[in-house]
$ cat input_38.txt   # compact mmCIF, C-alpha atoms
# COMPACT_ATOMS: atom_id res chain seq x y z
CA MET A 1 -171.08 25.12 47.35
CA ALA A 2 -172.35 28.66 47.94
CA LEU A 3 -171.14 29.79 44.52
CA ALA A 4 -172.66 26.72 42.87
CA LEU A 5 -176.03 27.48 44.47
CA LEU A 6 -175.73 31.12 43.44
CA LEU A 7 -174.98 30.10 39.85
CA ALA A 8 -177.97 27.75 39.79
CA ALA A 9 -180.24 30.47 41.16
CA GLN A 10 -179.01 32.95 38.56
CA LEU A 11 -179.59 30.53 35.71
CA ALA A 12 -183.07 29.74 37.00
CA ALA A 13 -183.86 33.44 37.13
CA GLY A 14 -182.56 33.99 33.61
CA ALA A 15 -179.63 36.11 34.83
CA PRO A 16 -176.29 35.93 32.99
CA PRO A 17 -173.84 33.36 34.40
CA LEU A 18 -170.95 34.32 36.62
CA ASP A 19 -167.70 35.36 35.01
CA CYS A 20 -164.32 35.22 36.76
CA GLN A 21 -164.49 38.80 38.06
CA ALA A 22 -167.94 38.32 39.59
CA ALA A 23 -167.12 34.88 40.99
CA LEU A 24 -163.96 35.95 42.81
CA GLY A 25 -165.12 39.40 43.85
CA PRO A 26 -162.76 42.11 45.13
CA LEU A 27 -159.31 41.20 46.39
CA HIS A 28 -159.37 40.00 50.02
CA ASP A 29 -163.16 39.94 50.33
CA GLY A 30 -163.01 36.41 51.74
CA THR A 31 -164.20 34.53 48.65
CA GLY A 32 -162.48 31.16 48.58
CA GLU A 33 -161.04 30.03 45.26
CA GLY A 34 -161.74 26.43 46.25
CA ALA A 35 -165.47 27.12 45.93
CA LEU A 36 -165.23 28.24 42.31
CA SER A 37 -167.48 26.24 40.03
CA GLY A 38 -166.40 24.18 37.02
CA GLN A 39 -162.94 23.32 38.33
CA VAL A 40 -160.64 21.59 35.85
CA ASP A 41 -157.11 20.31 36.32
CA GLY A 42 -155.18 22.17 33.64
CA ALA A 43 -152.68 19.32 33.36
CA THR A 44 -155.42 17.14 31.86
CA LEU A 45 -156.09 19.54 28.98
CA ASP A 46 -154.20 18.55 25.86
CA GLY A 47 -153.67 21.95 24.31
CA PRO A 48 -155.94 24.86 23.39
CA ALA A 49 -158.26 22.72 21.28
CA ALA A 50 -159.25 20.71 24.35
CA LEU A 51 -160.09 23.91 26.22
CA VAL A 52 -162.13 25.26 23.30
CA ALA A 53 -164.07 21.96 23.14
CA LEU A 54 -164.71 22.07 26.90
CA ARG A 55 -166.01 25.63 26.59
CA ARG A 56 -168.38 24.55 23.83
CA THR A 57 -169.63 21.60 25.90
CA ARG A 58 -170.36 23.64 29.03
CA GLY A 59 -172.12 26.50 27.34
CA ASP A 60 -171.80 29.78 29.27
CA ALA A 61 -171.09 28.31 32.74
CA LEU A 62 -167.94 29.43 34.55
CA ILE A 63 -164.93 27.17 34.02
CA THR A 64 -162.03 27.33 36.46
CA VAL A 65 -158.75 26.01 35.04
CA LYS A 66 -156.00 25.47 37.58
CA GLY A 67 -152.40 24.73 36.69
CA ALA A 68 -152.69 24.97 32.89
CA ARG A 69 -149.43 24.79 30.94
CA PHE A 70 -150.15 26.62 27.70
CA ALA A 71 -146.89 28.48 27.06
CA ARG A 72 -146.74 29.76 23.45
CA ALA A 73 -150.19 28.26 22.78
CA ASP A 74 -152.23 29.49 19.83
CA PHE A 75 -155.64 30.87 20.94
CA ARG A 76 -156.15 33.09 17.89
CA GLY A 77 -159.87 33.62 17.24
CA ALA A 78 -160.87 31.18 20.00
CA ARG A 79 -164.18 31.59 21.88
CA LEU A 80 -163.28 31.18 25.55
CA HIS A 81 -165.63 33.37 27.56
CA ASN A 82 -166.09 33.01 31.36
CA ILE A 83 -162.88 31.07 31.98
CA CYS A 84 -160.85 31.69 35.12
CA PHE A 85 -157.17 30.66 34.96
CA LEU A 86 -155.46 30.02 38.30
CA ASP A 87 -151.71 29.34 38.76
CA SER A 88 -151.20 28.84 35.04
CA ASP A 89 -148.45 29.40 32.48
CA LEU A 90 -149.66 31.23 29.38
CA SER A 91 -146.37 32.97 28.60
CA GLY A 92 -145.88 33.80 24.96
CA SER A 93 -149.41 32.66 24.05
CA ASP A 94 -151.23 34.25 21.11
CA TRP A 95 -154.77 35.57 21.70
CA ARG A 96 -155.15 37.82 18.67
CA GLY A 97 -158.80 38.13 17.73
CA ALA A 98 -159.96 35.82 20.54
CA GLN A 99 -163.47 36.27 21.94
CA ALA A 100 -163.02 35.83 25.70
CA PRO A 101 -165.22 38.20 27.73
CA GLY A 102 -165.37 37.41 31.44
CA ILE A 103 -161.94 35.77 31.41
CA GLY A 104 -159.64 35.93 34.42
CA PHE A 105 -155.92 35.49 35.07
CA VAL A 106 -155.00 34.86 38.72
CA ARG A 107 -151.34 34.20 39.58
CA THR A 108 -150.84 33.50 35.89
CA ASN A 109 -147.77 34.07 33.73
CA LEU A 110 -148.72 35.98 30.57
CA ALA A 111 -145.25 37.40 29.92
CA GLY A 112 -144.72 38.08 26.24
CA ALA A 113 -148.29 37.12 25.30
CA ASN A 114 -150.04 38.76 22.34
CA LEU A 115 -153.57 39.95 23.17
CA ALA A 116 -153.82 42.43 20.30
CA GLY A 117 -157.41 42.91 19.15
CA ALA A 118 -158.79 40.34 21.59
CA ARG A 119 -162.19 40.91 23.15
CA LEU A 120 -161.64 40.60 26.91
CA ASP A 121 -164.55 42.55 28.43
CA ARG A 122 -164.76 42.31 32.25
CA ILE A 123 -161.32 40.73 32.44
CA LEU A 124 -159.83 40.09 35.88
CA ILE A 125 -156.04 40.38 36.28
CA ARG A 126 -154.79 39.46 39.76
CA ASN A 127 -151.21 38.83 40.91
CA SER A 128 -150.20 38.05 37.33
CA ASP A 129 -147.22 38.72 35.06
CA LEU A 130 -148.09 40.96 32.09
CA GLY A 131 -144.51 41.94 31.27
CA ASP A 132 -143.88 42.63 27.56
CA VAL A 133 -147.53 41.91 26.71
CA HIS A 134 -148.96 43.32 23.49
CA ALA A 135 -152.62 44.26 23.96
CA GLU A 136 -152.98 46.96 21.34
CA ARG A 137 -156.61 47.57 20.31
CA ALA A 138 -157.82 44.92 22.76
CA THR A 139 -161.18 45.37 24.49
CA LEU A 140 -160.83 45.35 28.27
CA ALA A 141 -163.93 47.39 29.07
CA ARG A 142 -165.15 47.14 32.71
CA GLY A 143 -162.12 45.02 33.59
CA ARG A 144 -160.16 45.08 36.82
CA LEU A 145 -156.52 44.72 37.86
CA ASP A 146 -155.67 44.21 41.51
CA GLY A 147 -152.78 42.88 43.56
CA GLY A 148 -149.40 41.73 42.33
CA TRP A 149 -146.90 43.95 44.16
CA PHE A 150 -144.47 41.03 44.49
CA ASP A 151 -145.78 38.40 42.05
CA GLY A 152 -147.09 40.62 39.26
CA ARG A 153 -145.36 42.57 36.50
CA LEU A 154 -146.46 45.29 34.08
CA ASP A 155 -143.10 46.13 32.49
CA ASP A 156 -143.53 47.33 28.89
CA LEU A 157 -147.24 46.49 28.82
CA ARG A 158 -148.69 47.96 25.63
CA LEU A 159 -152.36 48.96 25.60
CA ASP A 160 -152.22 51.44 22.73
CA GLY A 161 -155.65 51.98 21.18
CA ALA A 162 -157.28 49.58 23.67
CA ASP A 163 -160.84 50.01 24.93
CA LEU A 164 -160.44 50.52 28.69
CA THR A 165 -163.88 52.01 29.24
CA GLY A 166 -164.75 51.65 32.93
CA PHE A 167 -161.53 49.73 33.70
CA ARG A 168 -160.51 49.81 37.38
CA PHE A 169 -157.01 49.62 38.83
CA GLU A 170 -157.83 48.63 42.41
CA CYS A 171 -154.43 49.12 43.99
CA GLY A 172 -153.79 49.60 47.70
CA GLN A 173 -150.75 50.76 49.65
CA MET A 174 -149.90 47.48 51.37
CA LEU A 175 -147.77 44.60 50.13
CA ASP A 176 -150.77 42.28 49.89
CA ASP A 177 -152.99 44.63 47.86
CA GLY A 178 -150.52 46.86 46.04
CA CYS A 179 -150.10 46.55 42.27
CA PRO A 180 -146.89 46.25 40.26
CA VAL A 181 -147.44 49.75 38.92
CA TYR A 182 -145.04 50.82 41.69
CA THR A 183 -142.23 48.56 40.49
CA ALA A 184 -142.67 48.56 36.69
CA GLN A 185 -139.26 49.00 35.06
CA GLY A 186 -140.34 49.54 31.45
CA GLU A 187 -142.84 51.85 29.84
CA LEU A 188 -146.58 51.42 30.30
CA SER A 189 -148.18 52.64 27.10
CA LEU A 190 -151.84 53.63 26.71
CA ARG A 191 -151.42 55.87 23.69
CA GLY A 192 -154.77 56.42 21.99
CA ALA A 193 -156.62 54.19 24.46
CA ASN A 194 -160.21 54.91 25.49
CA LEU A 195 -160.07 55.70 29.22
CA SER A 196 -163.67 56.90 29.55
CA GLY A 197 -164.99 56.09 33.03
CA ALA A 198 -161.70 54.39 33.96
CA ASN A 199 -159.31 55.29 36.73
CA LEU A 200 -155.57 55.90 36.48
CA PHE A 201 -153.35 54.70 39.28
CA PHE A 202 -149.89 55.05 37.79
CA TRP A 203 -147.72 57.07 35.47
CA ALA A 204 -148.04 56.01 31.83
CA ARG A 205 -147.75 57.31 28.28
CA ILE A 206 -151.25 58.43 27.30
CA GLU A 207 -150.72 60.59 24.22
CA GLY A 208 -154.04 60.84 22.40
CA ALA A 209 -155.93 58.76 24.98
CA THR A 210 -159.59 59.68 25.48
CA ILE A 211 -160.38 61.24 28.87
CA ASP A 212 -164.07 61.45 29.78
CA ARG A 213 -165.18 61.06 33.40
CA THR A 214 -161.78 59.47 33.94
CA GLU A 215 -160.66 59.38 37.56
CA VAL A 216 -157.17 60.66 38.35
CA GLU A 217 -155.19 61.58 41.41
CA PRO A 218 -153.82 65.14 41.68
CA THR A 219 -150.26 63.99 41.00
CA GLN A 220 -151.43 62.54 37.67
CA LEU A 221 -152.85 65.82 36.35
CA PRO A 222 -149.62 66.76 34.50
CA MET A 223 -149.72 63.68 32.27
CA LEU A 224 -153.19 64.62 30.96
CA ARG A 225 -151.59 67.39 28.90
CA ALA A 226 -150.93 64.83 26.15
CA ALA A 227 -154.41 63.28 26.27
CA ARG A 228 -157.61 64.04 24.33
CA ILE A 229 -160.02 65.45 26.93
CA THR A 230 -163.57 65.08 25.65
CA GLY A 231 -165.49 65.17 28.94
CA PRO A 232 -165.12 65.96 32.63
CA ILE A 233 -162.13 64.84 34.72
CA LEU A 234 -162.78 63.34 38.15
CA VAL A 235 -160.04 64.32 40.61
CA ARG A 236 -159.84 61.97 43.57
CA GLY A 237 -158.13 62.71 46.87
CA GLY A 238 -158.89 60.27 49.68
CA ASP A 239 -162.67 59.94 49.88
CA THR A 240 -163.25 63.17 47.96
CA VAL A 241 -163.98 63.18 44.22
CA LEU A 242 -164.34 66.52 42.44
CA GLU A 243 -165.33 67.13 38.83
CA ILE A 244 -163.52 69.63 36.65
CA SER A 245 -164.22 70.45 33.02
CA ALA A 246 -161.88 70.39 30.05
CA ALA A 247 -161.85 74.20 30.24
CA ASP A 248 -160.88 74.03 33.92
CA TYR A 249 -158.01 71.74 33.02
CA ARG A 250 -156.78 74.12 30.32
CA ALA A 251 -156.77 76.87 32.96
CA LEU A 252 -154.74 74.91 35.51
CA ALA A 253 -152.37 73.07 33.16
CA PRO A 254 -149.90 75.98 32.72
CA HIS A 255 -149.44 76.08 36.49
CA LEU A 256 -148.36 72.45 36.79
CA PRO A 257 -144.58 71.99 36.93
CA ASP A 258 -142.61 69.26 35.25
CA PRO A 259 -143.49 66.13 37.27
CA ALA A 260 -139.86 64.99 37.12
CA ARG A 261 -138.67 68.19 38.80
CA GLU A 262 -138.32 68.09 42.56
CA LEU A 263 -139.23 71.24 44.46
CA PRO A 264 -136.11 72.87 45.89
CA ASP A 265 -135.89 73.39 49.63
CA PRO A 266 -136.24 77.05 50.59
CA ALA A 267 -133.38 78.97 52.15
CA PRO A 268 -133.58 79.12 55.97
CA PRO A 269 -135.50 82.27 56.94
CA ARG A 270 -134.01 84.92 59.19
CA ALA A 271 -137.35 85.68 60.87
CA PRO A 272 -140.82 84.11 61.29
CA PRO A 273 -143.19 84.50 58.30
CA GLN A 274 -145.57 87.46 58.26
CA TRP A 275 -148.70 85.34 58.69
CA LEU A 276 -147.41 83.93 61.99
CA ARG A 277 -149.18 86.00 64.62
CA PRO A 278 -150.55 85.01 68.05
CA GLY A 279 -153.71 82.94 67.67
CA ALA A 280 -153.10 82.03 64.03
CA GLU A 281 -153.51 78.47 62.72
CA ALA A 282 -152.14 77.09 59.49
CA LEU A 283 -152.35 73.79 57.65
CA PHE A 284 -149.51 72.60 55.44
CA VAL A 285 -149.89 69.68 53.01
CA ASP A 286 -147.68 68.29 50.27
CA ALA A 287 -150.14 67.50 47.44
CA PRO A 288 -150.85 71.13 46.36
CA ALA A 289 -147.12 71.86 46.09
CA MET A 290 -147.32 71.00 42.39
CA PHE A 291 -149.17 74.29 41.70
CA ASP A 292 -147.41 77.64 41.50
CA ALA A 293 -148.23 80.60 43.74
CA ALA A 294 -150.37 82.33 41.09
CA PHE A 295 -152.76 79.41 40.75
CA ARG A 296 -153.07 79.06 44.53
CA GLU A 297 -154.87 82.42 44.49
CA THR A 298 -157.64 81.27 42.13
CA ALA A 299 -161.20 80.09 42.80
CA LEU A 300 -160.50 76.88 40.90
CA TYR A 301 -157.66 76.05 43.28
CA ARG A 302 -159.96 76.52 46.27
CA ARG A 303 -162.56 74.31 44.62
CA LEU A 304 -159.95 71.58 44.15
CA LEU A 305 -158.55 71.98 47.65
CA PRO A 306 -160.58 69.22 49.41
CA ALA A 307 -159.24 66.65 46.92
CA LEU A 308 -155.72 68.03 47.15
CA ILE A 309 -155.78 67.76 50.92
CA GLY A 310 -157.27 64.27 50.72
CA ALA A 311 -154.51 63.17 48.36
CA SER A 312 -151.69 64.53 50.49
CA ASN A 313 -149.17 62.12 51.96
CA ALA A 314 -147.92 64.61 54.54
CA ARG A 315 -149.65 67.30 56.57
CA VAL A 316 -148.77 69.52 59.51
CA LEU A 317 -151.06 71.74 61.58
CA VAL A 318 -149.43 74.76 63.23
CA THR A 319 -151.00 76.73 66.09
CA VAL A 320 -149.40 79.99 67.25
CA GLY A 321 -149.43 80.74 70.96
CA PRO A 322 -149.76 84.20 72.62
CA ASP A 323 -145.97 84.49 72.91
CA GLY A 324 -145.26 83.59 69.27
CA ARG A 325 -144.12 80.07 70.02
CA ILE A 326 -145.87 77.33 68.07
CA ASP A 327 -147.42 73.92 68.58
CA ALA A 328 -147.00 71.55 65.63
CA ALA A 329 -148.76 68.25 64.97
CA GLY A 330 -148.46 66.23 61.80
CA ASP A 331 -148.42 62.87 60.07
CA ALA A 332 -147.13 61.41 56.83
CA TYR A 333 -147.71 58.14 55.02
CA GLY A 334 -145.62 55.95 52.75
CA ALA A 335 -145.70 52.56 51.08
CA ASN A 336 -146.78 49.37 52.88
CA GLY A 337 -148.46 51.24 55.71
CA HIS A 338 -145.32 53.00 56.92
CA SER A 339 -146.06 56.33 58.57
CA CYS A 340 -144.62 59.33 60.40
CA SER A 341 -145.81 61.32 63.36
CA LEU A 342 -144.80 64.80 64.46
CA GLY A 343 -145.61 66.50 67.73
CA GLY A 344 -144.09 69.48 69.48
CA GLU A 345 -145.33 72.16 71.87
CA ALA A 346 -144.02 75.67 72.57
CA LEU A 347 -141.40 75.50 69.82
CA SER A 348 -139.31 78.68 69.48
CA PHE A 349 -137.79 80.26 66.39
CA ASP A 350 -134.04 79.69 66.28
CA PRO A 351 -132.38 82.35 64.06
CA ALA A 352 -129.21 80.27 63.93
CA THR A 353 -130.93 77.55 61.91
CA GLY A 354 -134.20 79.08 60.66
CA TYR A 355 -136.12 76.22 62.34
CA TYR A 356 -138.66 76.29 65.11
CA SER A 357 -136.93 74.22 67.74
CA GLY A 358 -137.42 72.68 71.14
CA PRO A 359 -135.22 71.42 73.95
CA HIS A 360 -133.37 68.19 73.27
CA GLN A 361 -133.61 65.27 75.68
CA PRO A 362 -129.98 64.27 76.16
CA SER A 363 -128.81 60.69 75.68
CA PRO A 364 -125.49 59.00 76.45
CA GLU A 365 -125.24 58.26 72.71
CA ASP A 366 -125.35 61.97 71.73
CA PRO A 367 -122.30 63.35 69.88
CA PRO A 368 -120.51 66.13 71.81
CA ALA A 369 -121.67 68.72 69.24
CA TRP A 370 -125.27 68.28 70.39
CA ARG A 371 -124.72 69.35 73.97
CA GLY A 372 -126.88 72.30 74.91
CA ARG A 373 -128.19 72.84 71.41
CA PRO A 374 -131.93 73.09 70.70
CA GLU A 375 -133.41 70.42 68.43
CA PRO A 376 -134.67 71.69 65.04
CA VAL A 377 -138.24 70.57 64.32
CA LEU A 378 -140.04 72.64 61.69
CA MET A 379 -138.96 75.34 59.22
CA LEU A 380 -141.62 77.85 58.19
CA ALA A 381 -140.28 79.76 55.19
CA GLY A 382 -143.03 81.99 53.83
CA GLU A 383 -145.74 79.62 52.58
CA THR A 384 -143.55 76.49 52.80
CA ALA A 385 -142.93 74.10 55.69
CA LEU A 386 -140.13 71.56 56.10
CA VAL A 387 -139.76 69.01 58.88
CA TYR A 388 -136.12 68.71 59.90
CA ARG A 389 -134.46 65.89 57.99
CA ALA A 390 -137.91 64.89 56.67
CA GLY A 391 -138.74 63.53 60.14
CA ARG A 392 -136.21 60.72 59.91
CA GLY A 393 -134.59 61.33 63.24
CA PHE A 394 -131.63 58.95 63.18
CA ARG A 395 -129.01 59.59 65.83
CA ASP A 396 -125.67 60.17 64.15
CA ASP A 397 -122.96 62.81 64.01
CA SER A 398 -125.10 65.48 62.31
CA GLU A 399 -124.64 69.05 63.44
CA HIS A 400 -127.93 69.28 65.31
CA PRO A 401 -129.77 66.85 67.59
CA VAL A 402 -132.68 64.88 66.14
CA GLY A 403 -135.22 62.30 67.22
CA ASP A 404 -137.41 63.72 69.98
CA TYR A 405 -140.23 65.30 67.96
CA ALA A 406 -140.66 63.25 64.79
CA SER A 407 -140.64 59.55 64.06
CA CYS A 408 -140.93 57.81 60.67
CA GLY A 409 -141.08 54.30 59.31
CA ALA A 410 -138.49 53.31 56.71
CA ARG A 411 -140.74 54.04 53.71
CA ALA A 412 -142.27 57.30 54.97
CA GLY A 413 -141.08 60.86 55.34
CA PHE A 414 -142.25 64.47 55.36
CA GLY A 415 -141.69 66.21 52.02
CA ALA A 416 -141.93 69.92 51.26
CA MET A 417 -145.37 71.25 52.21
CA VAL A 418 -147.38 74.33 51.23
CA ARG A 419 -149.77 76.34 53.39
CA VAL A 420 -153.36 75.93 52.19
CA PRO A 421 -156.34 78.21 52.89
CA VAL A 422 -158.84 76.23 54.94
CA GLY A 423 -161.79 77.40 57.01
CA GLU A 424 -162.48 76.94 60.69
CA ALA A 425 -164.70 73.89 60.16
CA GLU A 426 -161.93 72.06 58.28
CA LEU A 427 -159.35 73.08 60.89
CA ALA A 428 -161.57 71.78 63.67
CA ARG A 429 -161.88 68.41 61.89
CA LEU A 430 -158.15 68.22 61.32
CA ARG A 431 -157.38 69.00 64.96
CA GLU A 432 -159.04 65.71 65.81
CA GLY A 433 -157.58 63.76 62.91
CA ILE A 434 -153.92 64.70 62.77
CA GLY A 435 -151.91 62.48 65.06
CA SER A 436 -148.92 63.44 67.15
CA GLN A 437 -146.43 61.52 69.25

$ encode --input "input_38.txt" --output "structure tokens"
Amino acid sequence: MALALLLAAQLAAGAPPLDCQAALGPLHDGTGEGALSGQVDGATLDGPAALVALRRTRGDALITVKGARFARADFRGARLHNICFLDSDLSGSDWRGAQAPGIGFVRTNLAGANLAGARLDRILIRNSDLGDVHAERATLARGRLDGGWFDGRLDDLRLDGADLTGFRFECGQMLDDGCPVYTAQGELSLRGANLSGANLFFWARIEGATIDRTEVEPTQLPMLRAARITGPILVRGGDTVLEISAADYRALAPHLPDPARELPDPAPPRAPPQWLRPGAEALFVDAPAMFDAAFRETALYRRLLPALIGASNARVLVTVGPDGRIDAAGDAYGANGHSCSLGGEALSFDPATGYYSGPHQPSPEDPPAWRGRPEPVLMLAGETALVYRAGRGFRDDSEHPVGDYASCGARAGFGAMVRVPVGEAELARLREGIGSQ
């Protein structure tokens, strides 16, 4: 009823009618699908021609089609704007050349569909299957994709040459708001696509794609090497968004390693690092680890640092006491809200292992080899930090005791971290924000 009243008010005011994206709003904002206007039982529609005729009859008003069964249907050249498909089967359908701005696909099977050259401005894709979809040269400007971790699919989705101006991938970290970009098995291709004003939330092939005020996360910077950068790049980390120019990107690109290469763990040190002196504080995060040591000395790196810290999935704050022992507090985050915490006070350097360690709280389940041995917690090797066994403190027959200082959920862990140069104000904020056990 509320949406119907809103639609009537908009029409009276001369405003454009609601499309599917506007009618449903963001994922999980509380908008009920049952209140959508123009509801039609898809089972009563006898093929695409019936839907085209219904669209013509209702003018520009929103039409909600639930339960349509249009597998392999021919929609070529059809005019079907402002239609919202719910729980429908459109697998293998052909939309080439269709004019369907404001369309929406919610819990809809589009697997194998052909959307090449279709005009789909302000499209909404939610919890839907786009596996093996051809959408080359399609217009999806100002569209949105959200949800679908379990029910959606993007395997071998082809958007080469598509207009994705202002397109938003609104993907969270939880099972109910994550996108299938995490689980895609095939290649996502955006070669030659226009990504101006869009955001990237996944790894894809973007050779020749246009980048202009395109929003990326720090871990996506390497893939921009193959793109056509015509304007600024917006680097997002947490709530921080920083703008860098095409010239800035050319300066940093040589310092980005191969994204497929994992950073090797450092050798255990024989002594504490030189920076570790009484009263010192240091912050370690994982996001900046993609840059080499030379770039970490530049002004551009320091300008990017707030976004790099904001994008980090793991961070540890180290405070050095008067006697050289350290306090360490940290946290790490993984998929579906899984997290880690780290907390230890007065940890001492153990030359036998290279780790700062603390006393172990004995348990009847401890293997005999653990008796009397300190528990490794944190390795500080030059500018790198490693939490022992990534913080996954499972009790088993490993050589050293684990489990008293770090705790992680199944999908979270501490990776290799790099020391970053932060000022006192940032350290003071982080002291309050970094959790410990």

$ residues_around --input "input_38.txt" --residues "Phe75 in chain A" --least-positions-apart "3" --cutoff "12 Å" --atoms "only C-alpha atoms" --output "mmCIF file with C-alpha atoms, keeping the file's coordinate frame"
data_model
loop_
_atom_site.group_PDB
_atom_site.id
_atom_site.type_symbol
_atom_site.label_atom_id
_atom_site.label_comp_id
_atom_site.auth_asym_id
_atom_site.auth_seq_id
_atom_site.Cartn_x
_atom_site.Cartn_y
_atom_site.Cartn_z
ATOM 1 C CA GLY A 47 -153.670 21.950 24.310
ATOM 2 C CA PRO A 48 -155.940 24.860 23.390
ATOM 3 C CA ALA A 49 -158.260 22.720 21.280
ATOM 4 C CA ALA A 50 -159.250 20.710 24.350
ATOM 5 C CA LEU A 51 -160.090 23.910 26.220
ATOM 6 C CA VAL A 52 -162.130 25.260 23.300
ATOM 7 C CA PHE A 70 -150.150 26.620 27.700
ATOM 8 C CA ALA A 71 -146.890 28.480 27.060
ATOM 9 C CA ARG A 72 -146.740 29.760 23.450
ATOM 10 C CA ALA A 78 -160.870 31.180 20.000
ATOM 11 C CA ARG A 79 -164.180 31.590 21.880
ATOM 12 C CA LEU A 80 -163.280 31.180 25.550
ATOM 13 C CA LEU A 90 -149.660 31.230 29.380
ATOM 14 C CA GLY A 92 -145.880 33.800 24.960
ATOM 15 C CA SER A 93 -149.410 32.660 24.050
ATOM 16 C CA ASP A 94 -151.230 34.250 21.110
ATOM 17 C CA TRP A 95 -154.770 35.570 21.700
ATOM 18 C CA ARG A 96 -155.150 37.820 18.670
ATOM 19 C CA GLY A 97 -158.800 38.130 17.730
ATOM 20 C CA ALA A 98 -159.960 35.820 20.540
ATOM 21 C CA GLN A 99 -163.470 36.270 21.940
ATOM 22 C CA ALA A 100 -163.020 35.830 25.700
ATOM 23 C CA ALA A 113 -148.290 37.120 25.300
ATOM 24 C CA ASN A 114 -150.040 38.760 22.340
ATOM 25 C CA LEU A 115 -153.570 39.950 23.170
ATOM 26 C CA ALA A 116 -153.820 42.430 20.300
ATOM 27 C CA ALA A 118 -158.790 40.340 21.590
#

$ residues_around --input "input_38.txt" --residues "Ser245 in chain A" --least-positions-apart "6" --cutoff "10 Å" --atoms "all atoms listed in the file" --output "list in words"
Asp212, Arg213, Ile229, Thr230, Gly231, Pro232, Ile233, Leu234 and Ala251 of chain A

$ closest_residue --input "input_38.txt" --among "A:Glu215, A:Glu281, A:Glu170, A:Asp331" --to "Ala406 in chain A" --atoms "all atoms listed in the file"
A:Asp331

$ closest_residue --input "input_38.txt" --among "A:Val420, A:Phe201, A:Gly178, A:Ala311" --to "Ala335 in chain A" --atoms "all atoms listed in the file"
A:Gly178

$ atom_distance --input "input_38.txt" --atom1 "CA of Arg371 in chain A" --atom2 "CA of Pro401 in chain A"
8.5 Å

$ closest_residue --input "input_38.txt" --among "A:Arg168, A:Arg58, A:Lys66, A:Arg191" --to "Val40 in chain A" --atoms "all atoms listed in the file"
A:Lys66

$ closest_residue --input "input_38.txt" --among "A:Asp146, A:Asp160, A:Asp366, A:Glu187" --to "Leu175 in chain A" --atoms "only C-alpha atoms"
A:Asp146

$ atom_distance --input "input_38.txt" --atom1 "CA of Arg236 in chain A" --atom2 "CA of Ala141 in chain A"
21.0 Å

$ residues_around --input "input_38.txt" --residues "Thr353 in chain A" --least-positions-apart "5" --cutoff "9 Å" --atoms "only C-alpha atoms" --output "ChimeraX atom specification"
/A:268-270,376,379

$ atom_distance --input "input_38.txt" --atom1 "CA of Asp19 in chain A" --atom2 "CA of Asp46 in chain A"
23.4 Å

$ closest_residue --input "input_38.txt" --among "A:Ala328, A:Cys20, A:Ala307, A:Cys171" --to "Ile123 in chain A" --atoms "all atoms listed in the file"
A:Cys20

$ axis_aligned_box --input "input_38.txt" --around "range 222-233 of chain A" --padding-each-side "8 Å" --output "AutoDock Vina command-line options"
--center_x -157.6 --center_y 65.3 --center_z 29.5 --size_x 31.9 --size_y 20.1 --size_z 26.4

$ closest_residue --input "input_38.txt" --among "A:Asp248, A:Glu365, A:Asp129, A:Asp265" --to "Ala381 in chain A" --atoms "only C-alpha atoms"
A:Asp265

$ residues_near_point --input "input_38.txt" --point "(-133.5, 74.8, 65.7)" --cutoff "10 Å" --atoms "all atoms listed in the file" --output "PyMOL selection string"
chain A and resi 347-359+373-379+388+400-402

$ residues_around --input "input_38.txt" --residues "Arg250 in chain A" --least-positions-apart "3" --cutoff "12 Å" --atoms "only C-alpha atoms" --output "list in words"
Leu221, Pro222, Leu224, Arg225, Ala226, Ala227, Arg228, Ile229, Pro232, Ile233, Ile244, Ser245, Ala246, Ala247, Ala253, Pro254, His255, Leu256 and Leu300 of chain A

$ residues_near_point --input "input_38.txt" --point "(-160.5, 62.2, 59.1)" --cutoff "12 Å" --atoms "only C-alpha atoms" --output "list of chain:residue names"
A:Gly238, A:Asp239, A:Thr240, A:Pro306, A:Ile309, A:Gly310, A:Glu426, A:Leu427, A:Ala428, A:Arg429, A:Leu430, A:Arg431, A:Glu432, A:Gly433, A:Ile434, A:Gly435
